[in-house]
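Have a look at structure_24.txt below; it lists compact mmCIF, C-alpha atoms.
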```
# COMPACT_ATOMS: atom_id res chain seq x y z
CA MET A 219 106.19 102.17 87.64
CA LEU A 220 107.08 101.40 84.00
CA PRO A 221 106.28 104.92 82.70
CA VAL A 222 108.52 106.47 85.39
CA PHE A 223 111.32 104.01 84.61
CA LEU A 224 111.04 104.75 80.89
CA LEU A 225 111.05 108.49 81.63
CA ALA A 226 114.33 108.03 83.52
CA LEU A 227 115.70 106.00 80.61
CA SER A 228 114.55 108.49 77.97
CA VAL A 229 116.39 111.41 79.63
CA SER A 230 119.53 109.37 80.42
CA TYR A 231 122.81 110.24 78.75
CA THR A 232 125.30 107.45 79.68
CA VAL A 233 123.32 104.23 79.72
CA ASN A 234 124.94 101.28 81.51
CA THR A 235 123.27 98.35 79.75
CA VAL A 236 123.91 95.81 82.53
CA ASN A 237 122.53 98.17 85.18
CA LEU A 238 119.57 98.98 82.94
CA LEU A 239 118.58 95.32 82.67
CA LEU A 240 119.20 94.64 86.37
CA ALA A 241 117.19 97.67 87.49
CA PHE A 242 114.33 96.74 85.16
CA ILE A 243 114.17 93.20 86.55
CA ILE A 244 114.50 94.34 90.17
CA LEU A 245 111.78 96.96 89.93
CA HIS A 246 109.23 95.25 87.70
CA PHE A 247 109.62 91.56 88.58
CA LEU A 248 110.66 91.72 92.23
CA VAL A 249 110.11 94.97 94.14
CA TYR A 250 106.82 96.11 92.58
CA PRO A 251 105.13 92.66 92.69
CA ALA A 252 106.40 92.26 96.27
CA SER A 253 104.86 95.58 97.24
CA ASN A 254 101.52 94.68 95.63
CA GLY A 255 101.49 91.24 97.24
CA TYR A 256 102.39 92.57 100.69
CA ASN A 257 99.74 95.28 100.57
CA SER A 258 97.12 92.86 99.23
CA TYR A 259 97.81 90.51 102.14
CA PHE A 260 96.99 93.19 104.72
CA ASP A 261 94.16 94.79 102.72
CA LYS A 262 92.30 91.50 102.16
CA ASP A 263 90.08 93.11 99.53
CA GLU A 264 86.85 91.42 98.54
CA LYS A 265 85.63 93.78 95.80
CA SER A 266 87.41 95.22 92.75
CA ILE A 267 90.72 96.72 93.77
CA GLY A 268 93.95 97.69 92.03
CA GLY A 269 94.12 95.83 88.73
CA LEU A 270 91.82 92.97 89.76
CA LYS A 271 88.07 92.97 89.31
CA HIS A 272 87.65 89.86 91.49
CA PRO A 273 90.68 89.64 93.81
CA PRO A 274 91.40 86.14 95.14
CA LYS A 275 91.43 85.42 98.85
CA VAL A 276 94.87 86.07 100.29
CA THR A 277 96.88 83.48 102.21
CA LYS A 278 99.94 83.52 104.45
CA GLU A 279 101.95 82.22 101.50
CA LEU A 280 101.41 85.55 99.70
CA TYR A 281 103.00 87.35 102.65
CA TRP A 282 106.10 85.15 102.60
CA VAL A 283 106.44 85.23 98.82
CA SER A 284 106.37 89.04 98.91
CA LEU A 285 109.20 89.05 101.48
CA VAL A 286 111.24 86.59 99.41
CA LEU A 287 110.83 88.78 96.31
CA ASP A 288 111.89 91.81 98.34
CA GLY A 289 114.94 89.93 99.57
CA LEU A 290 115.94 88.91 96.05
CA GLY A 291 115.51 92.51 94.94
CA LEU A 292 117.88 93.71 97.65
CA VAL A 293 120.49 91.06 96.79
CA LEU A 294 120.45 91.99 93.10
CA SER A 295 120.49 95.70 93.98
CA PHE A 296 123.90 95.21 95.59
CA LEU A 297 125.23 94.41 92.10
CA ILE A 298 124.33 97.93 90.97
CA SER A 299 125.49 100.06 93.91
CA MET A 300 125.08 100.58 97.64
CA GLU A 301 123.10 103.77 96.99
CA PHE A 302 120.66 101.92 94.76
CA LEU A 303 120.33 99.15 97.35
CA LEU A 304 119.60 101.70 100.09
CA MET A 305 116.97 103.42 97.95
CA ILE A 306 115.31 100.08 97.15
CA LEU A 307 115.28 99.30 100.88
CA ILE A 308 113.63 102.65 101.66
CA TYR A 309 111.06 102.14 98.88
CA GLY A 310 110.19 98.72 100.28
CA LEU A 311 109.78 100.03 103.83
CA ILE A 312 107.51 102.87 102.72
CA SER A 313 105.38 100.54 100.61
CA LYS A 314 104.96 98.25 103.62
CA ALA A 315 104.08 101.18 105.87
CA TYR A 316 101.33 102.04 103.40
CA SER A 317 99.23 99.00 104.34
CA HIS A 318 100.69 97.46 107.51
CA PRO A 319 98.15 97.84 110.34
CA SER A 320 100.71 99.24 112.81
CA ILE A 321 101.30 102.29 110.60
CA ARG A 322 98.91 102.09 107.63
CA LEU A 323 99.59 105.34 105.79
CA LYS A 324 96.64 104.41 103.60
CA LYS A 325 94.17 105.44 106.31
CA PHE A 326 95.51 109.00 106.28
CA PRO A 327 94.29 110.73 103.09
CA ILE A 328 97.07 113.32 102.74
CA MET A 329 99.99 111.22 104.01
CA GLY A 330 98.97 108.22 101.91
CA TRP A 331 98.51 110.37 98.82
CA LEU A 332 101.90 112.08 99.26
CA ALA A 333 103.70 108.83 100.01
CA ALA A 334 102.34 107.18 96.85
CA GLY A 335 103.02 110.20 94.64
CA ILE A 336 106.53 110.94 95.90
CA PHE A 337 107.87 107.39 96.17
CA GLN A 338 106.26 106.01 93.02
CA GLY A 339 107.21 109.18 91.14
CA TYR A 340 110.22 111.28 92.12
CA PHE A 341 111.94 108.62 94.26
CA THR A 342 111.48 105.86 91.67
CA PHE A 343 112.70 108.22 88.94
CA LEU A 344 115.89 109.02 90.87
CA LEU A 345 116.75 105.44 91.78
CA SER A 346 116.12 104.39 88.16
CA PHE A 347 118.25 107.26 86.85
CA ILE A 348 121.25 106.57 89.09
CA ALA A 349 121.14 102.87 88.17
CA ILE A 350 120.78 103.38 84.42
CA ASN A 351 123.53 106.01 84.28
CA ASP A 352 125.74 104.38 86.95
CA LEU A 353 125.78 107.58 89.03
CA MET A 354 125.82 108.68 92.66
CA ILE A 355 122.83 110.49 94.12
CA HIS A 356 124.69 113.83 94.17
CA ASP A 357 125.09 113.55 90.39
CA THR A 358 121.33 114.03 89.95
CA LEU A 359 121.13 117.56 91.35
CA GLU A 360 121.10 119.33 87.96
CA TRP A 361 117.75 120.81 86.97
CA SER A 362 117.79 118.74 83.77
CA THR A 363 117.40 115.68 86.03
CA GLN A 364 115.37 117.16 88.87
CA ILE A 365 112.62 118.65 86.68
CA PRO A 366 111.41 115.38 85.09
CA GLY A 367 111.60 113.68 88.50
CA ILE A 368 109.43 116.38 90.07
CA LEU A 369 107.03 116.31 87.12
CA SER A 370 106.61 112.54 87.44
CA THR A 371 105.41 113.06 91.01
CA LEU A 372 103.04 115.86 89.98
CA LEU A 373 101.57 113.55 87.35
CA LEU A 374 101.11 110.77 89.89
CA LEU A 375 99.67 113.06 92.55
CA GLY A 376 96.97 113.94 90.03
CA SER A 377 96.33 110.46 88.68
CA TYR A 378 96.53 108.52 91.95
CA PRO A 379 93.12 109.65 93.29
CA MET A 380 91.55 108.34 90.07
CA THR A 381 92.74 104.83 90.95
CA GLN A 382 90.72 105.08 94.18
CA ILE A 383 87.51 106.48 92.70
CA TYR A 384 85.65 103.16 92.52
CA GLN A 385 86.99 101.86 95.85
CA HIS A 386 85.21 104.23 98.25
CA ASP A 387 82.97 101.55 99.78
CA GLU A 388 85.79 99.00 100.05
CA ASP A 389 88.14 101.53 101.66
CA ALA A 390 85.46 102.74 104.10
CA LYS A 391 84.73 99.14 105.08
CA ARG A 392 88.35 98.80 106.27
CA GLY A 393 88.32 102.17 108.01
CA ASP A 394 90.62 103.79 105.44
CA THR A 395 90.12 107.38 104.33
CA THR A 396 91.59 108.12 100.91
CA ILE A 397 92.12 111.42 99.14
CA SER A 398 89.46 110.40 96.60
CA GLN A 399 86.91 109.84 99.38
CA LYS A 400 87.62 113.33 100.70
CA LEU A 401 87.30 114.88 97.24
CA GLY A 402 84.19 112.95 96.26
CA ILE A 403 83.63 111.41 92.83
CA LEU A 404 83.27 114.63 90.81
CA GLY A 405 85.84 116.37 93.02
CA THR A 406 88.33 113.62 92.14
CA PHE A 407 87.77 114.29 88.44
CA HIS A 408 88.19 118.05 88.93
CA PHE A 409 91.33 117.60 91.02
CA THR A 410 92.88 115.22 88.49
CA ALA A 411 92.05 117.57 85.60
CA ILE A 412 93.81 120.48 87.34
CA SER A 413 96.84 118.39 88.34
CA PHE A 414 97.10 116.85 84.87
CA SER A 415 97.01 120.31 83.29
CA ILE A 416 99.76 121.61 85.58
CA SER A 417 102.03 118.59 85.01
CA THR A 418 101.41 118.70 81.25
CA VAL A 419 102.39 122.37 81.07
CA GLY A 420 105.49 121.49 83.09
CA PHE A 421 106.45 118.69 80.72
CA LEU A 422 105.90 120.96 77.72
CA TYR A 423 108.22 123.55 79.27
CA TYR A 424 110.81 120.87 80.00
CA PHE A 425 110.77 119.45 76.47
CA ILE A 426 110.95 122.90 74.87
CA ALA A 427 113.80 123.97 77.17
CA TYR A 428 115.90 120.81 76.96
CA TYR A 429 114.84 119.22 73.66
CA SER A 430 112.81 121.04 71.03
CA PHE A 431 109.41 122.52 70.29
CA GLU A 432 108.70 119.57 68.00
CA VAL A 433 109.23 117.09 70.87
CA ALA A 434 106.82 119.11 73.03
CA ILE A 435 104.19 118.97 70.27
CA ILE A 436 104.60 115.20 69.96
CA PHE A 437 104.15 114.86 73.73
CA ALA A 438 100.96 116.96 73.58
CA ALA A 439 99.66 114.79 70.73
CA ALA A 440 100.45 111.63 72.71
CA MET A 441 98.35 112.92 75.62
CA MET A 442 95.30 113.67 73.47
CA PRO A 443 93.77 110.14 73.66
CA VAL A 444 94.05 110.31 77.45
CA LEU A 445 92.35 113.71 77.53
CA LEU A 446 89.56 112.57 75.18
CA PHE A 447 88.78 109.44 77.17
CA PHE A 448 88.94 111.35 80.46
CA GLY A 449 86.55 114.01 79.14
CA ARG A 450 84.01 111.50 77.81
CA TRP A 451 84.16 109.50 81.03
CA TYR A 452 83.64 112.67 83.10
CA LEU A 453 80.48 113.52 81.14
CA ARG A 454 79.12 110.01 81.75
CA VAL A 455 79.84 110.26 85.46
CA ARG A 456 78.05 113.60 85.69
CA LYS A 457 74.92 111.83 84.47
CA ASP A 458 75.39 108.70 86.57
CA SER A 459 77.93 108.37 89.40
CA LYS A 460 77.91 104.59 88.93
CA ALA A 461 79.94 105.16 85.74
CA ALA A 462 82.92 105.80 88.04
CA ASN A 463 83.62 102.09 87.98
CA PHE A 464 86.46 99.58 87.81
CA GLU A 465 86.29 99.03 84.05
CA SER A 466 86.59 102.72 83.13
CA THR A 467 89.38 103.25 85.64
CA MET A 468 91.37 100.39 84.12
CA ARG A 469 90.77 101.74 80.59
CA LEU A 470 92.07 105.16 81.61
CA ASN A 471 95.12 103.56 83.24
CA LEU A 472 95.76 101.46 80.13
CA ILE A 473 95.45 104.37 77.70
CA SER A 474 97.63 106.71 79.78
CA SER A 475 100.27 104.00 80.34
CA LEU A 476 100.42 103.08 76.65
CA MET A 477 100.68 106.68 75.50
CA LEU A 478 103.30 107.67 78.09
CA ASN A 479 105.34 104.51 77.54
CA GLY A 480 105.20 104.96 73.78
CA PHE A 481 106.29 108.59 73.98
CA PHE A 482 109.17 107.90 76.37
CA VAL A 483 110.42 105.04 74.18
CA PHE A 484 110.25 107.40 71.18
CA LEU A 485 112.21 110.02 73.14
CA TRP A 486 114.84 107.47 74.13
CA LEU A 487 115.30 106.21 70.57
CA SER A 488 115.27 109.64 68.92
```
Encoding of this model in C-alpha cells:
Amino acid sequence: MLPVFLLALSVSYTVNTVNLLLAFIILHFLVYPASNGYNSYFDKDEKSIGGLKHPPKVTKELYWVSLVLDGLGLVLSFLISMEFLLMILIYGLISKAYSHPSIRLKKFPIMGWLAAGIFQGYFTFLLSFIAINDLMIHDTLEWSTQIPGILSTLLLLGSYPMTQIYQHDEDAKRGDTTISQKLGILGTFHFTAISFSISTVGFLYYFIAYYSFEVAIIFAAAMMPVLLFFGRWYLRVRKDSKAANFESTMRLNLISSLMLNGFFVFLWLS
C-alpha cells in the first residue's frame, strides 16, 4: 500500500498537508492492518503466509480489533471528505469479501486476483490522490492522473501472484484456488515477468510524456535491483522448485518496495 500511496503523492500538484497526514494514518495504521487482521482471522493459517513465517494462532479478539480499527478509519475519513469516507468503506467491504467464508473471493483465482490488483492499486491510488490534493473524484479524470493509477494496478496484477507462490499447499488445504496455483510455479514467474515488463514500459512512457527522459532513466535504474534478484531467483527455481519459498518471496517484496518507495520519494521531492 505504501508504494501506491507514495506514487499518488509524487504526482500530486496541490498537497493538503493535513489531509496527507490523515490519509497516511488512516491507510497504514488503521485500514490496512484491519484488513490483514480480518483476513487472518478467517484464513487461520498454520504455515508461512503473508509477511509471517510462523503466523500465531488467531483469536476472536483479532476479529474485534480489526473491526475497531476499521471503525476508527471511517471516523477519521469523515474529516477528509465524504467521498474519501465512501471509498474507504468500499475498500473495507471488498477486503472483507476476499476472505469471509460467505463470499471468499480468494477461492476464485481470477476474481480474487482482479480484486486485489484493482483495489490495492488503482482504487487505493485514486482515494489517496483525492485526499492528498483535496479533490472530488471527478477531478481525477485527466489522463495525467488516470495513467499512473492504471499502471499501479498493472504492476500489482503482475506482482500479486508472486506473493502466493509459496502458499500453494496452504491455500489448497483451505479449498482456495489462487491465480498462482493455476499458473504453476514457473508459470507464475513467467506471468510476472511479462506483466512487469508491460507495466515498466508504461511507466517509462508516462515519465517521458509528463516529466522528462532523465526521470524515466532514473526509474529504469531503480528497477534494476528488482530485475536482477528476480532473474537470479528464477534460475534457482528452475533447478529446484523448493527455492520458491517464503524467504525469497519476502526478499523480493522488500527490494521492490524499497526501490519503488525511494523512487517515488525522489520524484515528489524533485
Query raised in the report: What's the 7 Å shell around range 297-314 of chain A, counting all atoms listed in the file, without same-chain residues fewer than 2 positions away, as a count of residues only?
Result: 13
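The closest residue to Thr467 in chain A, picked from A:Leu220, A:Leu369, A:Val419, A:Met380 and counting all atoms listed in the file, is A:Met380.
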Tell me which residues come within 7 Å of (89.3, 112.9, 85.8), as a compact mmCIF listing (two decimals) with C-alpha atoms, in the frame of the given file, counting only C-alpha atoms in the file's coordinates.
```txt
# COMPACT_ATOMS: atom_id res chain seq x y z
CA MET A 380 91.55 108.34 90.07
CA THR A 406 88.33 113.62 92.14
CA PHE A 407 87.77 114.29 88.44
CA HIS A 408 88.19 118.05 88.93
CA THR A 410 92.88 115.22 88.49
CA ALA A 411 92.05 117.57 85.60
CA PHE A 448 88.94 111.35 80.46
CA TYR A 452 83.64 112.67 83.10
```
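The coordinates place CA of Tyr340 in chain A at 4.6 Å from CA of Gly367 in chain A.
One finds CA of Tyr259 in chain A at 25.5 Å from CA of Val222 in chain A.
Distances to Pro327 in chain A were evaluated for A:Ile383, A:Leu287, A:Leu359, A:Ile397 using only C-alpha atoms, and the minimum falls at A:Ile397.
One distance worth recording is that between CA of Tyr378 in chain A and CA of Met441 in chain A, which is 17.0 Å.
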Report task. Step by step: start from the point (92.0, 102.1, 82.8) in the file's coordinates, keep every protein, DNA or RNA residue that has an atom no farther than 12 Å from it, count all atoms listed in the file, and write the set as a VMD selection string. Result -> chain A and resid 268 to 271 377 380 to 384 444 447 to 448 451 462 to 476
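Closest to Pro319 in chain A among A:Gln364, A:Arg392, A:Phe296, A:Tyr281 is A:Arg392, based on all atoms listed in the file.
Nearest residue to Trp486 in chain A among A:Ala439, A:Met219, A:Val433, A:Ile243 is A:Val433, counting all atoms listed in the file.
Here the question is which of A:Gly376, A:Pro221, A:Gly405, A:Gly291 gets nearest to Tyr250 in chain A using only C-alpha atoms, and that residue is A:Gly291.
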**Report entry** Nearest candidate to Ala226 in chain A (options A:Ser346, A:Arg322, A:Leu290, A:Glu432; using only C-alpha atoms)
**Finding:** A:Ser346
Query - Close residues, Pro251 in chain A itself excluded, 9 Å, only C-alpha atoms, min 6 positions apart in chain, as a VMD selection string - result: chain A and resid 245 284 287 to 288
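Close contacts of Ile426 in chain A, defined as residues with an atom at most 12 Å away when counting all atoms listed in the file, with chain neighbours fewer than 6 positions off set aside, comprise A:Ser362, A:Val419, A:Gly420, A:Glu432, A:Val433, A:Ala434, A:Ile435, A:Ile436, A:Phe437, A:Ala438.
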Completion step: range 435-446 of chain A with all heavy atoms as a PDB file, keeping the file's coordinate frame:
```pdb
ATOM      1  N   ILE A 435     105.426 119.175  71.037  1.00  0.00           N
ATOM      2  CA  ILE A 435     104.190 118.970  70.270  1.00  0.00           C
ATOM      3  C   ILE A 435     103.843 117.491  70.204  1.00  0.00           C
ATOM      4  O   ILE A 435     102.664 117.111  70.346  1.00  0.00           O
ATOM      5  CB  ILE A 435     104.336 119.553  68.846  1.00  0.00           C
ATOM      6  CG1 ILE A 435     104.439 121.075  68.900  1.00  0.00           C
ATOM      7  CG2 ILE A 435     103.153 119.120  67.977  1.00  0.00           C
ATOM      8  CD1 ILE A 435     103.223 121.761  69.482  1.00  0.00           C
ATOM      9  N   ILE A 436     104.843 116.644  70.016  1.00  0.00           N
ATOM     10  CA  ILE A 436     104.600 115.200  69.960  1.00  0.00           C
ATOM     11  C   ILE A 436     104.084 114.702  71.314  1.00  0.00           C
ATOM     12  O   ILE A 436     103.181 113.855  71.374  1.00  0.00           O
ATOM     13  CB  ILE A 436     105.885 114.451  69.552  1.00  0.00           C
ATOM     14  CG1 ILE A 436     106.269 114.814  68.115  1.00  0.00           C
ATOM     15  CG2 ILE A 436     105.697 112.941  69.686  1.00  0.00           C
ATOM     16  CD1 ILE A 436     107.624 114.296  67.688  1.00  0.00           C
ATOM     17  N   PHE A 437     104.634 115.237  72.401  1.00  0.00           N
ATOM     18  CA  PHE A 437     104.150 114.860  73.730  1.00  0.00           C
ATOM     19  C   PHE A 437     102.678 115.266  73.898  1.00  0.00           C
ATOM     20  O   PHE A 437     101.863 114.485  74.396  1.00  0.00           O
ATOM     21  CB  PHE A 437     104.994 115.524  74.817  1.00  0.00           C
ATOM     22  CG  PHE A 437     104.467 115.304  76.207  1.00  0.00           C
ATOM     23  CD1 PHE A 437     104.650 114.092  76.848  1.00  0.00           C
ATOM     24  CD2 PHE A 437     103.773 116.312  76.877  1.00  0.00           C
ATOM     25  CE1 PHE A 437     104.152 113.871  78.131  1.00  0.00           C
ATOM     26  CE2 PHE A 437     103.276 116.104  78.159  1.00  0.00           C
ATOM     27  CZ  PHE A 437     103.467 114.886  78.781  1.00  0.00           C
ATOM     28  N   ALA A 438     102.349 116.491  73.485  1.00  0.00           N
ATOM     29  CA  ALA A 438     100.960 116.960  73.580  1.00  0.00           C
ATOM     30  C   ALA A 438     100.029 116.070  72.769  1.00  0.00           C
ATOM     31  O   ALA A 438      98.923 115.730  73.218  1.00  0.00           O
ATOM     32  CB  ALA A 438     100.874 118.406  73.107  1.00  0.00           C
ATOM     33  N   ALA A 439     100.474 115.665  71.575  1.00  0.00           N
ATOM     34  CA  ALA A 439      99.660 114.790  70.730  1.00  0.00           C
ATOM     35  C   ALA A 439      99.474 113.420  71.389  1.00  0.00           C
ATOM     36  O   ALA A 439      98.387 112.819  71.308  1.00  0.00           O
ATOM     37  CB  ALA A 439     100.316 114.632  69.357  1.00  0.00           C
ATOM     38  N   ALA A 440     100.526 112.932  72.041  1.00  0.00           N
ATOM     39  CA  ALA A 440     100.450 111.630  72.710  1.00  0.00           C
ATOM     40  C   ALA A 440      99.441 111.650  73.857  1.00  0.00           C
ATOM     41  O   ALA A 440      98.828 110.624  74.184  1.00  0.00           O
ATOM     42  CB  ALA A 440     101.824 111.216  73.221  1.00  0.00           C
ATOM     43  N   MET A 441      99.265 112.801  74.483  1.00  0.00           N
ATOM     44  CA  MET A 441      98.350 112.920  75.620  1.00  0.00           C
ATOM     45  C   MET A 441      96.885 113.128  75.193  1.00  0.00           C
ATOM     46  O   MET A 441      95.983 113.028  76.022  1.00  0.00           O
ATOM     47  CB  MET A 441      98.781 114.079  76.516  1.00  0.00           C
ATOM     48  CG  MET A 441     100.104 113.854  77.246  1.00  0.00           C
ATOM     49  SD  MET A 441     100.060 112.414  78.367  1.00  0.00           S
ATOM     50  CE  MET A 441     100.826 111.150  77.344  1.00  0.00           C
ATOM     51  N   MET A 442      96.655 113.394  73.927  1.00  0.00           N
ATOM     52  CA  MET A 442      95.300 113.670  73.470  1.00  0.00           C
ATOM     53  C   MET A 442      94.329 112.499  73.689  1.00  0.00           C
ATOM     54  O   MET A 442      93.191 112.712  74.142  1.00  0.00           O
ATOM     55  CB  MET A 442      95.305 114.087  72.001  1.00  0.00           C
ATOM     56  CG  MET A 442      95.788 115.517  71.768  1.00  0.00           C
ATOM     57  SD  MET A 442      94.821 116.730  72.711  1.00  0.00           S
ATOM     58  CE  MET A 442      93.195 116.512  71.990  1.00  0.00           C
ATOM     59  N   PRO A 443      94.713 111.245  73.394  1.00  0.00           N
ATOM     60  CA  PRO A 443      93.770 110.140  73.660  1.00  0.00           C
ATOM     61  C   PRO A 443      93.393 110.036  75.136  1.00  0.00           C
ATOM     62  O   PRO A 443      92.251 109.689  75.459  1.00  0.00           O
ATOM     63  CB  PRO A 443      94.566 108.901  73.197  1.00  0.00           C
ATOM     64  CG  PRO A 443      95.521 109.419  72.185  1.00  0.00           C
ATOM     65  CD  PRO A 443      95.920 110.777  72.682  1.00  0.00           C
ATOM     66  N   VAL A 444      94.333 110.329  76.006  1.00  0.00           N
ATOM     67  CA  VAL A 444      94.050 110.310  77.450  1.00  0.00           C
ATOM     68  C   VAL A 444      93.021 111.384  77.789  1.00  0.00           C
ATOM     69  O   VAL A 444      92.043 111.130  78.503  1.00  0.00           O
ATOM     70  CB  VAL A 444      95.343 110.541  78.271  1.00  0.00           C
ATOM     71  CG1 VAL A 444      95.044 110.463  79.765  1.00  0.00           C
ATOM     72  CG2 VAL A 444      96.421 109.549  77.889  1.00  0.00           C
ATOM     73  N   LEU A 445      93.250 112.584  77.261  1.00  0.00           N
ATOM     74  CA  LEU A 445      92.350 113.710  77.530  1.00  0.00           C
ATOM     75  C   LEU A 445      90.944 113.426  76.991  1.00  0.00           C
ATOM     76  O   LEU A 445      89.942 113.701  77.665  1.00  0.00           O
ATOM     77  CB  LEU A 445      92.913 114.975  76.894  1.00  0.00           C
ATOM     78  CG  LEU A 445      92.079 116.248  77.042  1.00  0.00           C
ATOM     79  CD1 LEU A 445      91.920 116.600  78.515  1.00  0.00           C
ATOM     80  CD2 LEU A 445      92.732 117.404  76.287  1.00  0.00           C
ATOM     81  N   LEU A 446      90.859 112.855  75.793  1.00  0.00           N
ATOM     82  CA  LEU A 446      89.560 112.570  75.180  1.00  0.00           C
ATOM     83  C   LEU A 446      88.777 111.533  75.982  1.00  0.00           C
ATOM     84  O   LEU A 446      87.574 111.693  76.234  1.00  0.00           O
ATOM     85  CB  LEU A 446      89.743 112.103  73.736  1.00  0.00           C
ATOM     86  CG  LEU A 446      90.233 113.174  72.752  1.00  0.00           C
ATOM     87  CD1 LEU A 446      90.541 112.546  71.401  1.00  0.00           C
ATOM     88  CD2 LEU A 446      89.185 114.277  72.605  1.00  0.00           C
TER      89      LEU A 446
END
```
